[in-house]
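Working notes, beginning with the structure itself.
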Amino acid sequence: MLLRHTSKEVKEREGLTINPAKTCQPIGAMYAALGIHGCLPHSHGSQGCCSYHRSTLTRHYKEPVMAATSSFTEGASVFGGQANLLAAIETIFSVYDPDIIAVHSTCLSETIGDDLQQITRKAKDDGKVPEGKHVIFASTPSFIGSHITGYANMVTGIATQFAVSTGVKKNQFNIIAGWMEPSDMREIKRLSKELGVKIVLFPDTSDVLDAPQTGKHEFYPKGGTTVAELQSAGDSISSLALGAISAEPAAIALEKSCKVAFETLDMPIGLSATDRFIMALSQVAGVKVPDEITAERGRLVDVMADMEQYLYGKRVALFGDPDQLLPLTEFLLDLNMKPAHIVSGTPGQRFEKQMRQLLDARSPETNFRNGLQADMFLLHQWMKNEPVDLLIGNTYGKYIARDEDVPFIRFGFPILDRIGHSYFPNVGYSGGLRLVEKLLNAVMDRQDRDALEEKFELVM
Amino acid sequence: MEQITILEGRQKQIFEKKKGVAQPDIACDTSSLSGSVSQRACVFCGSRVVLYPIADAIHVVHGPIGCAAYTWDIRGAVSSGPELHRLSFSTDLQEMDVIYGGEKKLYHSLIELIEQYKPKAAFIYSTCIVGLIGDDIEAVCRKVAKETGIPVLPVHSEGFKGTKKDGYKAACHSLMKLIGTGPIDEISKYSINILGEFNLAGEAWIIRQYYEKMGIEVVATLTGDGRIDAVRRAHGATLNVVQCSGSMTWLAKEMEEKYGIPYIRVSYFGIEDMSKSLYDVAKYFPDRPDIMDAAKQVVSEEVKTLYPSLQKFKKALTGKKAAIYVGGAFKTFSLIKALRSIGMSVVLAGSQTGNKDDYARLKEMCDEGTVIVDDSNPVELSKFILEKEADLLIGGVKERPIAFKLGIGFCDHNHERKIPLAGFVGMYNFALEVYQSVMSPVWQFAPRKGGTL
């Protein structure tokens, strides 16, 4: 029992976090930047930050993850990191030759007061940025928010520092992806194509972090939103932001800078959220939903009806990131399951309000907490007090699942011990099907395992 | 060799062994250049990996959440008992703490934690930001130690204050505070500490067993399957046996100075070095020839079964080429020998933290044409691997997918090894893993080495 020390009694803690359900901003910024074609993320801080983020992303994707670091020393921490960043920009363009460098800050560079806007401007003024190349930035202090905040900040940086409004609208729509997998982004593109809507999706990590084996190490894989696409985003008719926490800030910024109106939607996870996404996209673009998509929806509803009896009333504990948890919880409710405990380390009243609203309407007795001390220790304590049938969350849930002997479905970030998330989407109707399959497998495998011999069923 | 773009300022950290060419010293022990895609980590990382295996202590990361999140149970350092080291504790510093200081939060966190988990000791790691906001963690630790009665040890591991090696040193500094505080009257004269062995995949157990078979008492393993009480008694050992020279030589030197305990450097990888590490310890006790006899006995028994079992791997792997890029240089030496024993040659050898002497020795050991690098990056590594037509890369987590993209085999000789690679059995496992990966049927479906099927 790895977590044998977890006590049943829940006590308010002052400051201490045990087994976090979040990590820090910069890794989110690094992930977002990898969704831009030809972009090298750059970590403006100590060497370790960059190394940790690359290792974690590598473990999650089993792919090479490239990023550079300012390699702060004691000197830089006293005198400021400007010299390091200027030198880094020069080095990166001459040796690694990216189209774009996306700089994000760290707790260290933020605390010493480095101003990324000023430094990157100086780099341009000093001629350190070659013609046709770009340096963008996002401020991502690790002591505010979470990895989701960092993702949102970098996506905002991408939107505002590339998009230009030429005054002539283009017949296209922006879809701003909240933190989702490359497989999800690929699925969003497929659905839009089925609908016949031209979109600019950003960021887009498909064909970057799910790259094929080619016999070469492609430093800049073929995927990612291109600079031309990003620049044109300022002329799009409108934007759909998929996720209030991780995508909406970029949409707001784009409305400010280029007057592109936006609508915020939940990430299209599960039936209802996908319905809203398909409806919204078909409405803004003025297109009819094609039969093929209606049929996809029908297949998901069919399975939900076929198997409803096995999922009914099952109690679920879940932890993860706001924009994924919200539609996932809604989907569990649509499946007649019972979200019992929900935890997210990402702070913020917006998410708290959204989740409360959903729960008040459909499951008021659910335990829910986000922000400080909303960690996996707390989730485990709740589970000890009110046991569940299923646990859903990132790989770190496996300790709790093992100790409590609860079936476990991996969902979210990071997943360090399984594959699949890069290749099979959770979004859209097909993503919904995959989720239902996973839920059923977990629940029914357990039923089979625990069934008395006379109740051990062949047909289920 | 085709000229490759090398970072300006990097030339001195790369070297190709050629006949009749002046042999410059390799530049090492330096920080990475700003803007490089370095494979290295920071001071905090160094401290964290060294102390992490001490399983009955709590390890509290004082800083924003990331440093704790990324180091949460990522290293398979196995414990035979308590597993407190596998949990993640953080003060999760927020903006207000950065402005007003985090001492109070740290104090409360420690009190809560110690009450909850009843550990034998607590290690408190400073991260970058703590070094800037000036929290007096020494004072907090003293206060908590006094109130709780357990050792509460600050680890000065601010990420920017040097390289990973400085982190090793900060960790050793904390260990020195513990050593010398436990009873030693019952310790045998024929005793050692095993230093720099972290019990990844249970390796320390294998090594310990060999020494115990020789009649040697192992007082403490630093830090694999580590226990606070054992660390406190470490000054009672007669000899320190140091593996992973990068992380623990400093501690061995300190113990020599303070307690007069001499040390020897060993490696447990490969038949040759493994045997030598037993003989060298036996040699240290000349008044007990039975210890040397027992060492010979252990070696001959092990080799008798191991050697024939390696032959099928050797047959398949003879003539294949390997690239090595690992953390410490000492490990590289052993790997070169181990690979030779299964018929493979080394065409690229590098490390993240080797020093001048290490690289001099590496140059001596390597065949002509071998490329030697310090603190390399993925562009260089990929390029050299393709040019030298390597069939295998030995490295860590960030290198693994690069090898597979290039269509060559890979062996993790770092945190993520899943099977023991140390000891005689480890040599078998190593050969098996190399064989499995290099000879895998998957490669017949894959474009290999730059894009040909």
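So you can find residues: chains in the structure tokens are A, B, ... in the order shown, residues in each start at 1, and ligands are numbered from 1 in order.
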
May I ask you to extract the residues of chain A within 7 Å of chain B, using only C-alpha atoms, and to give them as a PyMOL selection string?
chain A and resi 2+5+14-20+23-24+46-48+51-52+55+58+62-64+66-74+84+87-89+91-92+95+107-108+142-144+213-217

Neighbour list for Leu230 in chain A as a CSV table (one decimal) with C-alpha atoms, in the first residue's frame, cut-off 12 Å, only C-alpha atoms, skip fewer than 5 positions in-chain:
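See selection-v6.csv below for the written result:
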```csv
chain,number,residue,atom,x,y,z
A,35,GLY,CA,1.6,23.2,-32.1
A,36,ILE,CA,3.1,25.9,-34.3
A,37,HIS,CA,4.9,24.7,-37.4
A,155,VAL,CA,-2.0,30.5,-27.0
A,156,THR,CA,-2.9,34.1,-26.3
A,157,GLY,CA,0.7,35.1,-27.2
A,158,ILE,CA,0.4,33.1,-30.5
A,159,ALA,CA,-2.9,34.8,-31.3
A,160,THR,CA,-2.0,38.3,-30.6
A,161,GLN,CA,1.6,38.3,-31.9
A,162,PHE,CA,0.8,36.7,-35.3
A,163,ALA,CA,-2.8,37.6,-36.3
A,164,VAL,CA,-3.1,40.7,-38.4
A,165,SER,CA,-6.3,42.3,-39.6
A,172,GLN,CA,-12.8,31.0,-42.7
A,173,PHE,CA,-13.2,30.5,-38.9
A,174,ASN,CA,-10.7,30.2,-36.1
A,175,ILE,CA,-11.0,27.3,-33.8
A,176,ILE,CA,-8.8,27.8,-30.8
A,199,ILE,CA,-11.0,26.6,-40.3
A,200,VAL,CA,-7.7,27.8,-38.9
A,201,LEU,CA,-7.0,25.5,-35.9
A,202,PHE,CA,-4.4,26.7,-33.4
A,203,PRO,CA,-2.4,25.4,-31.8
A,204,ASP,CA,-2.3,22.1,-33.6
A,224,GLY,CA,1.6,22.6,-36.6
A,225,THR,CA,-0.3,25.7,-37.6
A,235,ASP,CA,-9.2,38.2,-41.0
A,236,SER,CA,-11.4,35.2,-40.0
A,254,LEU,CA,-8.0,38.3,-30.8
```

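Across range 236-273 of chain B, DSSP run on the backbone finds alpha helix (DSSP H) at B:Ser245, B:Gly246, B:Ser247, B:Met248, B:Thr249, B:Trp250, B:Leu251, B:Ala252, B:Lys253, B:Glu254, B:Met255, B:Glu256, B:Glu257, B:Lys258, B:Tyr259, B:Ile271, B:Glu272, B:Asp273.
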
Could you please take those selected residues and save C-alpha atoms as an mmCIF file, in the first residue's frame?
```cif
data_model
loop_
_atom_site.group_PDB
_atom_site.id
_atom_site.type_symbol
_atom_site.label_atom_id
_atom_site.label_comp_id
_atom_site.auth_asym_id
_atom_site.auth_seq_id
_atom_site.Cartn_x
_atom_site.Cartn_y
_atom_site.Cartn_z
ATOM 1 C CA SER B 245 31.701 8.901 -9.228
ATOM 2 C CA GLY B 246 29.920 12.125 -10.149
ATOM 3 C CA SER B 247 27.430 12.041 -7.348
ATOM 4 C CA MET B 248 29.268 10.683 -4.360
ATOM 5 C CA THR B 249 33.003 11.303 -4.590
ATOM 6 C CA TRP B 250 32.573 14.525 -2.680
ATOM 7 C CA LEU B 251 30.904 12.685 0.197
ATOM 8 C CA ALA B 252 33.627 10.030 0.196
ATOM 9 C CA LYS B 253 36.284 12.725 0.407
ATOM 10 C CA GLU B 254 34.492 14.480 3.257
ATOM 11 C CA MET B 255 34.160 11.213 5.159
ATOM 12 C CA GLU B 256 37.811 10.494 4.603
ATOM 13 C CA GLU B 257 38.747 13.859 6.015
ATOM 14 C CA LYS B 258 36.362 13.821 8.948
ATOM 15 C CA TYR B 259 36.342 10.139 9.897
ATOM 16 C CA ILE B 271 31.847 -8.697 -15.976
ATOM 17 C CA GLU B 272 35.271 -7.115 -15.794
ATOM 18 C CA ASP B 273 34.353 -4.134 -13.665
#
```

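Here the question is which of B:Lys320, B:Lys331, B:Arg288, B:Arg233 gets nearest to Glu197 in chain B using only C-alpha atoms, and that residue is B:Lys331.
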
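CA of Arg297 in chain A sits 8.7 Å away from CA of Gly428 in chain A.
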
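Residues surrounding Glu90 in chain A within 10 Å are Leu85, Leu86, Ser94, Val95, Asp97, Ala123, Gly127, Lys128, Val129 and Pro130 of chain A; Ser34 and Gly35 of chain B [only C-alpha atoms; sequence separation below 4 positions excluded].
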
Hey, what's within 8 Å of range 345-361 of chain A if we count only C-alpha atoms and toss same-chain stuff fewer than 4 positions away? As a compact mmCIF listing (two decimals) with C-alpha atoms, in the first residue's frame, please?
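In the end it all went to part_34.txt:
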```txt
# COMPACT_ATOMS: atom_id res chain seq x y z
CA PRO A 20 -0.58 17.51 -6.78
CA ALA A 21 -3.34 17.42 -9.39
CA LYS A 22 -1.58 20.04 -11.51
CA GLY A 145 -2.30 29.19 -11.86
CA SER A 146 -1.18 25.88 -13.34
CA HIS A 147 0.04 24.24 -16.53
CA ILE A 148 -3.35 25.15 -18.01
CA ALA A 244 -13.24 28.65 -21.13
CA ILE A 245 -10.00 28.36 -19.22
CA GLY A 320 -7.71 16.62 -14.01
CA ASP A 321 -7.94 19.88 -15.91
CA PRO A 322 -10.96 22.22 -15.97
CA LEU A 326 -16.44 19.90 -17.26
CA GLU A 330 -21.57 16.22 -18.17
CA GLU A 365 -24.20 16.05 -3.62
CA THR A 366 -20.95 15.69 -5.60
CA ARG A 369 -12.86 21.33 -5.11
CA ASN A 370 -10.31 23.16 -7.25
CA GLY A 371 -7.22 25.27 -6.55
CA LEU A 372 -4.95 25.11 -3.54
CA GLN A 373 -4.89 21.81 -1.65
CA ALA A 374 -7.28 20.33 -4.20
CA ASP A 375 -4.80 17.51 -4.61
```

Please return, as a VMD selection string, all residues of range 82-243 of chain B that DSSP assigns to strand (DSSP E or B) on the basis of the backbone.
chain B and resid 89 to 90 121 to 126 152 to 155 191 to 197 200 217 to 223 226 239 to 242

Writing out the chosen residues with C-alpha atoms as an mmCIF file, in the first residue's frame:
```
data_model
loop_
_atom_site.group_PDB
_atom_site.id
_atom_site.type_symbol
_atom_site.label_atom_id
_atom_site.label_comp_id
_atom_site.auth_asym_id
_atom_site.auth_seq_id
_atom_site.Cartn_x
_atom_site.Cartn_y
_atom_site.Cartn_z
ATOM 1 C CA PHE B 89 5.172 17.063 -1.075
ATOM 2 C CA SER B 90 5.265 20.708 -2.027
ATOM 3 C CA ALA B 121 13.806 12.739 8.961
ATOM 4 C CA ALA B 122 12.842 15.461 6.510
ATOM 5 C CA PHE B 123 14.776 16.882 3.581
ATOM 6 C CA ILE B 124 13.768 20.370 2.479
ATOM 7 C CA TYR B 125 14.835 21.287 -1.042
ATOM 8 C CA SER B 126 15.214 24.948 -1.996
ATOM 9 C CA VAL B 152 15.079 18.388 9.412
ATOM 10 C CA LEU B 153 17.733 19.016 6.814
ATOM 11 C CA PRO B 154 17.835 21.880 4.353
ATOM 12 C CA VAL B 155 19.183 21.072 0.895
ATOM 13 C CA SER B 191 32.647 -3.410 6.736
ATOM 14 C CA ILE B 192 31.891 -1.030 3.921
ATOM 15 C CA ASN B 193 29.409 1.598 2.785
ATOM 16 C CA ILE B 194 28.122 1.331 -0.749
ATOM 17 C CA LEU B 195 28.112 4.874 -2.132
ATOM 18 C CA GLY B 196 26.468 6.068 -5.334
ATOM 19 C CA GLU B 197 24.180 3.073 -5.796
ATOM 20 C CA LEU B 200 17.228 1.246 -9.457
ATOM 21 C CA GLU B 217 29.195 -6.118 6.495
ATOM 22 C CA VAL B 218 27.415 -3.422 4.530
ATOM 23 C CA VAL B 219 26.701 -0.609 6.967
ATOM 24 C CA ALA B 220 24.826 1.773 4.683
ATOM 25 C CA THR B 221 23.889 2.039 1.063
ATOM 26 C CA LEU B 222 23.911 5.637 -0.023
ATOM 27 C CA THR B 223 21.303 6.051 -0.932
ATOM 28 C CA GLY B 226 18.219 4.026 2.117
ATOM 29 C CA LEU B 239 35.877 1.486 3.681
ATOM 30 C CA ASN B 240 33.729 3.510 1.304
ATOM 31 C CA VAL B 241 33.071 1.895 -2.055
ATOM 32 C CA VAL B 242 32.005 4.571 -4.513
#
```

Tell me, in Å to one decimal, how far CA of Val326 in chain B is from CA of Asp357 in chain B.
16.7 Å

Polymer residues at most 6 Å from Phe368 in chain A, only C-alpha atoms, same-chain spacing of 2 or more positions, as an MDAnalysis selection string
chainID A and resid 341:343

Just C-alpha atoms for this one: save the residues we selected as an mmCIF file, in the first residue's frame.
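The new file selection.cif reads:
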```
data_model
loop_
_atom_site.group_PDB
_atom_site.id
_atom_site.type_symbol
_atom_site.label_atom_id
_atom_site.label_comp_id
_atom_site.auth_asym_id
_atom_site.auth_seq_id
_atom_site.Cartn_x
_atom_site.Cartn_y
_atom_site.Cartn_z
ATOM 1 C CA HIS A 341 -15.743 13.376 -6.278
ATOM 2 C CA ILE A 342 -14.048 15.906 -8.555
ATOM 3 C CA VAL A 343 -10.684 17.548 -7.969
#
```

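Between CA of His421 in chain A and CA of Ile100 in chain A lies a distance of 27.1 Å.
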
Show me, as JSON, numbers by chain, the residues that have an atom within 8 Å of Gly343 in chain B when counting only C-alpha atoms, minus same-chain residues fewer than 2 positions from it.
{"B": [314, 315, 317, 318, 319, 320, 339, 340, 341, 345]}

For Ser309 in chain B, list every protein, DNA or RNA residue within 12 Å, evaluated using only C-alpha atoms, and leave out those in the same chain fewer than 2 positions away; present the list as a VMD selection string.
chain B and resid 302 to 307 311 to 315 342 424 to 425 427 to 429 431 to 432
